[in-house]
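Peer 1: One structure, as structure tokens, below. Some questions next.
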Amino acid sequence: MSTSHFSPTHLSAVRSSRALSARGMRNMRRLPSTFIPTLAMPIFQAIAFSGTFFAITKLPGFPTDRSINWYLPLAVIMGSAFAGVGLGFTTIRDIETGFFDRLRMSPTPRSALILGPLIMTWVRTVIVVTMVVIVGFGFGARLTGGVIGLLCLYVASIGLATVSAGWGLGIAYRFRDMRGAAIMQLTLFVVMFLSSAQTPLYVMTGWLHSVARVNPATNVLRLSRQGFLGEVTWNGVWGGLLALVGGSILTLTFAYRGLRGLERD
Amino acid sequence: MTAAAPAVALRQTAAMSKRSILALVRQPALVVPSIVFPLFFAALGTSSFGRATGLPGFPKVDSFLDFSLAGTIVQGVLFGSVQSGSALATDIENGFFYRLLASPTSRLGILVGRLMGAAAYGAAQTAFFTVLLIPFGLHVKGGVAGAVVMLVSGGLTAIAIAGFMAAMALRTGSSEAVQGIFPLVFIALFFSSAFFPRQTMSGAYRHIANANPISYLIEGLRDLCITGFTASACAKALLVPIGIMVISFSLALRSLAKRVAAQ
């Protein structure tokens, strides 16, 4: 398709998005301290959880006999979610240093202010997923669902990174200082853990079972674990996809409205 | 030194302890995470792993809540103790520490006062977690005597960990550096029997948990809750934190001496 089909506004949006995502990549290289925890945390979580809760795989009916197969996707998903909210932190820093005001004064299309950093977040997420999966294989994880199973993990991770990036941006545009950072992290942490994060639904008892059953994060985790707990089935996939598409629409709208609010103030 | 000197030093230490406790009372935002997160994990664990208590290697317990109390206490105390070190570093950053040095205050009192504040908070956390979880079905088999030992152990553990944090604070003078140790504390907790028994672990992970003194501290506290008031449980719950405390306090004293000498 020739670029002549695009209006100058579209071209400008694409160019600006590309420039903003490239800026994010440069920051990742120049400020590794902002990226390394995003990578180290899921690796630690995969190892620590699978070591600590090794014995739960012995429960009758547990879907795998390898604890790393259960906890590796959780760690990857948590890492992706935090890679997403990391965008919120970066945006708060840009607001505090005044860089964001300069961006707003420039003729950059507003959609590019969200899309550019979002593309960078996807790249970060792919790096995190790849690294954690490689380490996980080193610690004994086995892919039972083949390449499609691995693809499910990537889709779940990128999708959740999008949801959490939208959430992080929305909070950043509204709070505009580091108070927002705690809210971004805490909400994500609670939502993720009130799901089938630690054990399958059938193992849970009491209130957690009731909450996890309706928590969309359970569907996302089910999608991410498809490649590690047997064959990939449509039943295990569609709920996660729906949760990710719905969540992305909601949180990106939340972010866009926050940006509009920031423009008005 | 006059005969009144020890009494004066004691009064100064008490004043410093009071100050560090008041700081926590006046800024509840500093202590909320060290109360809320352990309780959240206790609630989560009880619902998630309730059925795991029948697994081979799991100690005989009435409920996972009874099993998890010790982990909850140690988790809360570890998180709270990081705050204590961070507060000392903030004193250095904002110059209050140097104003104390310029006054005729006992040098030891500055450190001990801070650690005593941490101990009081650690014991208070232990009491709070225990009392709060009783209506949810917690049963302390060690009875009142066991609960008292747990309280003392909570205080001693707080001193032991706050000692490391104080050493770091005195060495670096940076609250950011003290907060930077937090992941190490978290790792030390995870690679122990805080959340699951060592007997159910395998491989290298089990070896690390076996070598980790926090495992034995937790098991001492846990035995007081799930087995009863026994000499072995009391010894583990009290001697392990005392052992760690000796090391961390020595490190903190050395760091204090270096900072005072550099002044």
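Labels for the structure tokens follow display order: chains A, B, ..., residues from 1 in each chain, ligands from 1.
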Provide as a list in words the residues of chain B at most 8 Å from chain A, counting only C-alpha atoms.
Peer 2: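 Residues satisfying the distance criterion: Leu44, Ser47, Ser48, Phe49, Gly50, Arg51, Ala52, Leu55, Phe190, Phe191, Ser193, Phe195, Phe196, Thr200, Met201, Ser202, Tyr205 and Arg206 of chain B.
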Peer 1: Need the shell around Leu251 (chain B): protein/DNA/RNA residues with any atom at most 8 Å away, counting only C-alpha atoms. Skip same-chain ones fewer than 5 positions apart. Format as a PyMOL selection string?
Peer 2: chain B and resi 163-164+167
Peer 1: Residues near region 89-102 of chain B, anyone? I mean within 9 Å using only C-alpha atoms, not counting same-chain ones fewer than 6 positions away, as a PyMOL selection string.
Peer 2: chain B and resi 110+166+168-170+172-178+260+263
Peer 1: Kindly provide the residues of region 34-146 of chain A that approach region 154-166 of chain A to within 8 Å, each paired with its closest atom pair and their distance in Å to one decimal, based on only C-alpha atoms, listed by chain and increasing number, as a tab-separated table.
Peer 2:
```
residue	atom	partner	partner_atom	distance
A:Val76	CA	A:Ser157	CA	7.0
A:Ile77	CA	A:Ser157	CA	5.4
A:Ser80	CA	A:Ala161	CA	5.1
A:Ala81	CA	A:Ala161	CA	4.9
A:Phe82	CA	A:Ser164	CA	7.4
A:Ala83	CA	A:Ala161	CA	6.4
A:Gly84	CA	A:Ala165	CA	4.1
A:Val85	CA	A:Ala165	CA	5.0
A:Gly86	CA	A:Ala165	CA	7.4
A:Leu87	CA	A:Ala165	CA	5.9
A:Gly88	CA	A:Ala165	CA	6.6
A:Leu118	CA	A:Ala165	CA	7.0
A:Thr121	CA	A:Ala161	CA	7.1
A:Trp122	CA	A:Ile158	CA	5.9
A:Thr125	CA	A:Ile158	CA	6.3
A:Val126	CA	A:Tyr154	CA	7.2
A:Val129	CA	A:Tyr154	CA	7.0
```
Peer 1: Measure the distance from CA of Tyr121 (chain B) to CA of Val77 (chain B) in Å and round it to one decimal.
Peer 2: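 A separation of 8.0 Å between them.
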Peer 1: DSSP on the backbone: what in region 3-72 of chain A comes out helix (DSSP H, G or I), as a ChimeraX atom specification?
Peer 2: /A:3-5,8-30,32-52,54-58,67-72
Peer 1: What lies within 10 Å of Arg18 (chain A) using only C-alpha atoms, ignoring chain neighbours under 6 positions off, as a PyMOL selection string?
Peer 2: chain A and resi 12+24+112+115-117+119-120
Peer 1: Using only C-alpha atoms, can you tell me which of A:Leu151, A:Met78, A:Arg222, A:Gly140 comes closest to Val128 (chain A)?
Peer 2: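 Of the candidates, the smallest distance to Val128 (chain A) is held by A:Met78.
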Peer 1: Tell me, as JSON, numbers by chain, which residues lie within 7 Å of region 179-184 of chain A, counting only C-alpha atoms; anything in the same chain fewer than 4 positions away does not count.
Peer 2: {"A": [85, 89, 168, 171, 172, 175, 188]}
Peer 1: Rank nothing, just name the residue among A:Ile43, A:Phe35, A:Ser16, A:Ile134 nearest to Ser106 (chain A), using only C-alpha atoms.
Peer 2: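 Smallest distance to Ser106 (chain A) is found for A:Ser16.
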Peer 1: List as a short mmCIF file (atom, residue, chain, number, x, y, z; two decimals) with all heavy atoms, in the first residue's frame the protein and nucleic acid residues near Leu156 (chain B), meaning an atom at most 12 Å away when only C-alpha atoms are counted, but skip any in the same chain fewer than 4 places from it.
Peer 2:
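Saved result, selection_22.cif, follows:
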```cif
data_model
loop_
_atom_site.label_atom_id
_atom_site.label_comp_id
_atom_site.auth_asym_id
_atom_site.auth_seq_id
_atom_site.Cartn_x
_atom_site.Cartn_y
_atom_site.Cartn_z
N VAL B 74 6.72 -12.88 60.93
CA VAL B 74 8.11 -12.58 60.51
C VAL B 74 8.10 -11.66 59.28
O VAL B 74 8.90 -10.72 59.21
CB VAL B 74 8.89 -13.89 60.24
CG1 VAL B 74 10.25 -13.60 59.65
CG2 VAL B 74 9.04 -14.67 61.54
N VAL B 77 7.33 -8.17 60.54
CA VAL B 77 8.44 -7.60 61.31
C VAL B 77 9.61 -7.23 60.38
O VAL B 77 10.22 -6.18 60.54
CB VAL B 77 8.89 -8.61 62.41
CG1 VAL B 77 10.19 -8.17 63.05
CG2 VAL B 77 7.81 -8.75 63.46
N LEU B 78 9.87 -8.08 59.39
CA LEU B 78 10.96 -7.77 58.45
C LEU B 78 10.66 -6.48 57.70
O LEU B 78 11.52 -5.61 57.57
CB LEU B 78 11.16 -8.90 57.44
CG LEU B 78 11.69 -10.24 57.94
CD1 LEU B 78 12.05 -11.15 56.78
CD2 LEU B 78 12.91 -10.08 58.81
N SER B 81 10.97 -3.46 59.95
CA SER B 81 12.34 -3.15 60.37
C SER B 81 13.09 -2.37 59.29
O SER B 81 13.98 -1.58 59.60
CB SER B 81 13.11 -4.42 60.69
OG SER B 81 12.40 -5.12 61.67
N LEU B 115 16.75 1.09 67.73
CA LEU B 115 16.48 -0.36 67.72
C LEU B 115 15.36 -0.73 68.71
O LEU B 115 14.56 -1.63 68.44
CB LEU B 115 17.76 -1.14 68.04
CG LEU B 115 18.91 -0.99 67.03
CD1 LEU B 115 20.09 -1.86 67.44
CD2 LEU B 115 18.47 -1.35 65.62
N MET B 116 15.32 -0.03 69.82
CA MET B 116 14.26 -0.31 70.80
C MET B 116 12.89 0.09 70.23
O MET B 116 11.88 -0.57 70.47
CB MET B 116 14.51 0.46 72.11
CG MET B 116 15.62 -0.12 72.95
SD MET B 116 15.25 -1.82 73.39
CE MET B 116 16.73 -2.63 72.95
N GLY B 117 12.89 1.17 69.47
CA GLY B 117 11.65 1.58 68.80
C GLY B 117 11.19 0.49 67.85
O GLY B 117 10.01 0.13 67.79
N ALA B 118 12.16 -0.09 67.10
CA ALA B 118 11.83 -1.18 66.16
C ALA B 118 11.30 -2.38 66.93
O ALA B 118 10.35 -3.05 66.51
CB ALA B 118 13.07 -1.55 65.36
N ALA B 119 11.93 -2.66 68.10
CA ALA B 119 11.50 -3.82 68.90
C ALA B 119 10.06 -3.65 69.38
O ALA B 119 9.26 -4.59 69.32
CB ALA B 119 12.43 -3.99 70.09
N ALA B 120 9.76 -2.43 69.84
CA ALA B 120 8.40 -2.17 70.33
C ALA B 120 7.39 -2.37 69.19
O ALA B 120 6.32 -2.98 69.38
CB ALA B 120 8.31 -0.75 70.88
N TYR B 121 7.76 -1.90 68.00
CA TYR B 121 6.85 -2.04 66.87
C TYR B 121 6.71 -3.52 66.46
O TYR B 121 5.62 -4.00 66.17
CB TYR B 121 7.34 -1.19 65.69
CG TYR B 121 6.43 -1.27 64.49
CD1 TYR B 121 5.07 -0.98 64.59
CD2 TYR B 121 6.92 -1.66 63.24
CE1 TYR B 121 4.23 -1.09 63.50
CE2 TYR B 121 6.08 -1.75 62.14
CZ TYR B 121 4.74 -1.47 62.27
OH TYR B 121 3.91 -1.58 61.19
N GLY B 122 7.83 -4.24 66.49
CA GLY B 122 7.80 -5.67 66.15
C GLY B 122 6.90 -6.45 67.10
O GLY B 122 6.10 -7.30 66.66
N ALA B 123 7.03 -6.15 68.40
CA ALA B 123 6.18 -6.85 69.39
C ALA B 123 4.71 -6.46 69.18
O ALA B 123 3.81 -7.31 69.27
CB ALA B 123 6.65 -6.49 70.79
N ALA B 124 4.48 -5.18 68.90
CA ALA B 124 3.09 -4.72 68.69
C ALA B 124 2.49 -5.39 67.46
O ALA B 124 1.32 -5.80 67.47
CB ALA B 124 3.07 -3.20 68.52
N THR B 126 3.30 -8.34 66.28
CA THR B 126 3.04 -9.73 66.64
C THR B 126 1.71 -9.84 67.38
O THR B 126 0.88 -10.71 67.08
CB THR B 126 4.19 -10.28 67.52
OG1 THR B 126 5.42 -10.03 66.85
CG2 THR B 126 4.04 -11.75 67.80
N VAL B 149 6.02 -15.63 74.47
CA VAL B 149 7.31 -15.93 73.82
C VAL B 149 7.31 -15.41 72.38
O VAL B 149 8.30 -14.85 71.89
CB VAL B 149 7.60 -17.46 73.86
CG1 VAL B 149 8.85 -17.80 73.05
CG2 VAL B 149 7.78 -17.93 75.29
N MET B 150 6.17 -15.57 71.72
CA MET B 150 6.06 -15.07 70.33
C MET B 150 6.26 -13.54 70.29
O MET B 150 6.92 -13.00 69.40
CB MET B 150 4.71 -15.45 69.73
CG MET B 150 4.61 -16.92 69.37
SD MET B 150 2.93 -17.49 69.15
CE MET B 150 2.63 -16.93 67.51
N LEU B 151 5.66 -12.89 71.27
CA LEU B 151 5.77 -11.43 71.36
C LEU B 151 7.24 -11.00 71.55
O LEU B 151 7.73 -10.10 70.86
CB LEU B 151 4.96 -10.97 72.57
CG LEU B 151 4.14 -9.70 72.45
CD1 LEU B 151 2.98 -9.94 71.51
CD2 LEU B 151 3.61 -9.29 73.82
N VAL B 152 7.91 -11.70 72.46
CA VAL B 152 9.33 -11.38 72.72
C VAL B 152 10.15 -11.68 71.47
O VAL B 152 11.03 -10.89 71.06
CB VAL B 152 9.86 -12.20 73.93
CG1 VAL B 152 11.35 -11.98 74.13
CG2 VAL B 152 9.09 -11.82 75.20
N ALA B 160 17.03 -7.55 65.49
CA ALA B 160 18.04 -8.24 64.66
C ALA B 160 18.06 -7.67 63.24
O ALA B 160 19.13 -7.37 62.70
CB ALA B 160 17.74 -9.74 64.63
N ILE B 161 16.89 -7.51 62.65
CA ILE B 161 16.84 -7.04 61.25
C ILE B 161 17.10 -5.53 61.20
O ILE B 161 17.84 -5.05 60.32
CB ILE B 161 15.48 -7.39 60.59
CG1 ILE B 161 15.21 -8.90 60.71
CG2 ILE B 161 15.44 -6.94 59.14
CD1 ILE B 161 16.26 -9.79 60.07
N ALA B 162 16.52 -4.80 62.15
CA ALA B 162 16.76 -3.35 62.17
C ALA B 162 18.25 -3.04 62.37
O ALA B 162 18.74 -2.01 61.90
CB ALA B 162 15.93 -2.69 63.26
N GLY B 163 18.96 -3.94 63.03
CA GLY B 163 20.41 -3.77 63.22
C GLY B 163 21.13 -3.73 61.87
O GLY B 163 21.98 -2.88 61.62
N LEU B 217 13.77 -19.81 62.84
CA LEU B 217 13.02 -18.83 63.64
C LEU B 217 11.51 -19.04 63.40
O LEU B 217 10.73 -19.12 64.36
CB LEU B 217 13.45 -17.41 63.21
CG LEU B 217 12.50 -16.27 63.54
CD1 LEU B 217 12.40 -16.10 65.05
CD2 LEU B 217 12.98 -14.96 62.92
N ALA B 237 12.63 -19.97 68.77
CA ALA B 237 11.99 -18.66 68.60
C ALA B 237 12.80 -17.54 69.24
O ALA B 237 12.70 -16.39 68.81
CB ALA B 237 10.58 -18.70 69.20
N LEU B 238 13.60 -17.88 70.27
CA LEU B 238 14.34 -16.82 70.97
C LEU B 238 15.83 -16.78 70.59
O LEU B 238 16.40 -15.71 70.41
CB LEU B 238 14.20 -16.98 72.48
CG LEU B 238 12.76 -16.86 73.01
CD1 LEU B 238 12.71 -17.18 74.50
CD2 LEU B 238 12.19 -15.47 72.76
N LEU B 239 16.44 -17.98 70.47
CA LEU B 239 17.89 -17.99 70.26
C LEU B 239 18.28 -17.59 68.84
O LEU B 239 19.32 -16.95 68.64
CB LEU B 239 18.47 -19.37 70.60
CG LEU B 239 18.36 -19.76 72.08
CD1 LEU B 239 18.99 -21.13 72.32
CD2 LEU B 239 19.05 -18.72 72.98
N VAL B 240 17.46 -17.95 67.86
CA VAL B 240 17.82 -17.58 66.48
C VAL B 240 17.86 -16.06 66.31
O VAL B 240 18.86 -15.52 65.83
CB VAL B 240 16.87 -18.26 65.45
CG1 VAL B 240 17.15 -17.74 64.04
CG2 VAL B 240 17.02 -19.77 65.50
N PRO B 241 16.81 -15.32 66.73
CA PRO B 241 16.93 -13.87 66.58
C PRO B 241 18.03 -13.26 67.43
O PRO B 241 18.67 -12.28 67.01
CB PRO B 241 15.55 -13.35 67.01
CG PRO B 241 14.86 -14.45 67.70
CD PRO B 241 15.47 -15.71 67.20
N ILE B 242 18.31 -13.88 68.61
CA ILE B 242 19.41 -13.34 69.44
C ILE B 242 20.74 -13.51 68.69
O ILE B 242 21.56 -12.59 68.65
CB ILE B 242 19.44 -14.04 70.82
CG1 ILE B 242 18.25 -13.56 71.66
CG2 ILE B 242 20.76 -13.76 71.55
CD1 ILE B 242 18.06 -14.26 73.00
N GLY B 243 20.91 -14.66 68.06
CA GLY B 243 22.14 -14.92 67.30
C GLY B 243 22.30 -13.90 66.16
O GLY B 243 23.39 -13.33 65.97
N ILE B 244 21.22 -13.68 65.44
CA ILE B 244 21.28 -12.72 64.31
C ILE B 244 21.54 -11.31 64.87
O ILE B 244 22.29 -10.53 64.30
CB ILE B 244 19.96 -12.75 63.49
CG1 ILE B 244 19.71 -14.15 62.93
CG2 ILE B 244 20.00 -11.74 62.35
CD1 ILE B 244 18.35 -14.32 62.27
N MET B 245 20.91 -11.05 66.02
CA MET B 245 21.02 -9.72 66.64
C MET B 245 22.48 -9.40 67.02
O MET B 245 22.94 -8.28 66.82
CB MET B 245 20.14 -9.69 67.89
CG MET B 245 19.90 -8.33 68.47
SD MET B 245 18.68 -8.48 69.78
CE MET B 245 19.63 -9.24 71.07
N VAL B 246 23.17 -10.40 67.54
CA VAL B 246 24.58 -10.19 67.94
C VAL B 246 25.39 -9.73 66.72
O VAL B 246 26.17 -8.78 66.78
CB VAL B 246 25.17 -11.49 68.55
CG1 VAL B 246 26.68 -11.38 68.73
CG2 VAL B 246 24.49 -11.79 69.89
N SER B 248 24.20 -8.44 63.77
CA SER B 248 23.76 -7.18 63.17
C SER B 248 24.10 -5.99 64.06
O SER B 248 24.47 -4.92 63.57
CB SER B 248 22.27 -7.22 62.86
OG SER B 248 21.51 -7.19 64.04
N PHE B 249 23.99 -6.19 65.39
CA PHE B 249 24.29 -5.08 66.30
C PHE B 249 25.79 -4.73 66.25
O PHE B 249 26.17 -3.56 66.29
CB PHE B 249 23.86 -5.46 67.73
CG PHE B 249 23.92 -4.30 68.69
CD1 PHE B 249 23.07 -3.21 68.54
CD2 PHE B 249 24.83 -4.28 69.74
CE1 PHE B 249 23.13 -2.13 69.40
CE2 PHE B 249 24.89 -3.21 70.62
CZ PHE B 249 24.04 -2.14 70.45
#
```
Peer 1: Do a neighbour search on Leu143 (chain A) at 9 Å with only C-alpha atoms, toss out local chain neighbours closer than 4 positions, and write the hits as a PDB file with N, CA and C atoms, in the first residue's frame.
Peer 2:
```pdb
ATOM      1  N   ASN A  69       6.000 -25.222  35.739  1.00  0.00           N
ATOM      2  CA  ASN A  69       5.038 -25.078  34.635  1.00  0.00           C
ATOM      3  C   ASN A  69       3.813 -24.275  35.080  1.00  0.00           C
ATOM      4  N   PHE A 137      12.919 -22.447  31.264  1.00  0.00           N
ATOM      5  CA  PHE A 137      13.288 -23.731  30.652  1.00  0.00           C
ATOM      6  C   PHE A 137      14.540 -24.283  31.322  1.00  0.00           C
ATOM      7  N   VAL A 147       4.208 -24.735  19.912  1.00  0.00           N
ATOM      8  CA  VAL A 147       4.449 -23.326  19.572  1.00  0.00           C
ATOM      9  C   VAL A 147       3.194 -22.489  19.821  1.00  0.00           C
ATOM     10  N   GLY A 149       1.047 -22.902  22.096  1.00  0.00           N
ATOM     11  CA  GLY A 149       0.997 -22.655  23.536  1.00  0.00           C
ATOM     12  C   GLY A 149       1.879 -21.478  23.923  1.00  0.00           C
ATOM     13  N   LEU A 150       3.072 -21.443  23.308  1.00  0.00           N
ATOM     14  CA  LEU A 150       3.991 -20.337  23.586  1.00  0.00           C
ATOM     15  C   LEU A 150       3.407 -19.021  23.063  1.00  0.00           C
ATOM     16  N   GLY A 227       0.023 -23.360  27.119  1.00  0.00           N
ATOM     17  CA  GLY A 227       1.147 -24.113  26.567  1.00  0.00           C
ATOM     18  C   GLY A 227       1.894 -24.950  27.572  1.00  0.00           C
ATOM     19  N   PHE A 228       1.511 -24.840  28.851  1.00  0.00           N
ATOM     20  CA  PHE A 228       2.302 -25.510  29.899  1.00  0.00           C
ATOM     21  C   PHE A 228       1.522 -26.575  30.669  1.00  0.00           C
ATOM     22  N   LEU A 229       0.225 -26.697  30.366  1.00  0.00           N
ATOM     23  CA  LEU A 229      -0.598 -27.630  31.157  1.00  0.00           C
ATOM     24  C   LEU A 229      -1.318 -28.643  30.262  1.00  0.00           C
ATOM     25  N   GLY A 230      -0.754 -28.959  29.125  1.00  0.00           N
ATOM     26  CA  GLY A 230      -1.401 -29.914  28.219  1.00  0.00           C
ATOM     27  C   GLY A 230      -1.623 -29.270  26.878  1.00  0.00           C
TER      28      GLY A 230
END
```
Peer 1: Of the candidates B:His207, B:Ser255, B:Arg114, B:Leu224, which shows the shortest atom-to-atom distance to Leu22 (chain B), using only C-alpha atoms?
Peer 2: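 Of the candidates, the smallest distance to Leu22 (chain B) is held by B:Arg114.
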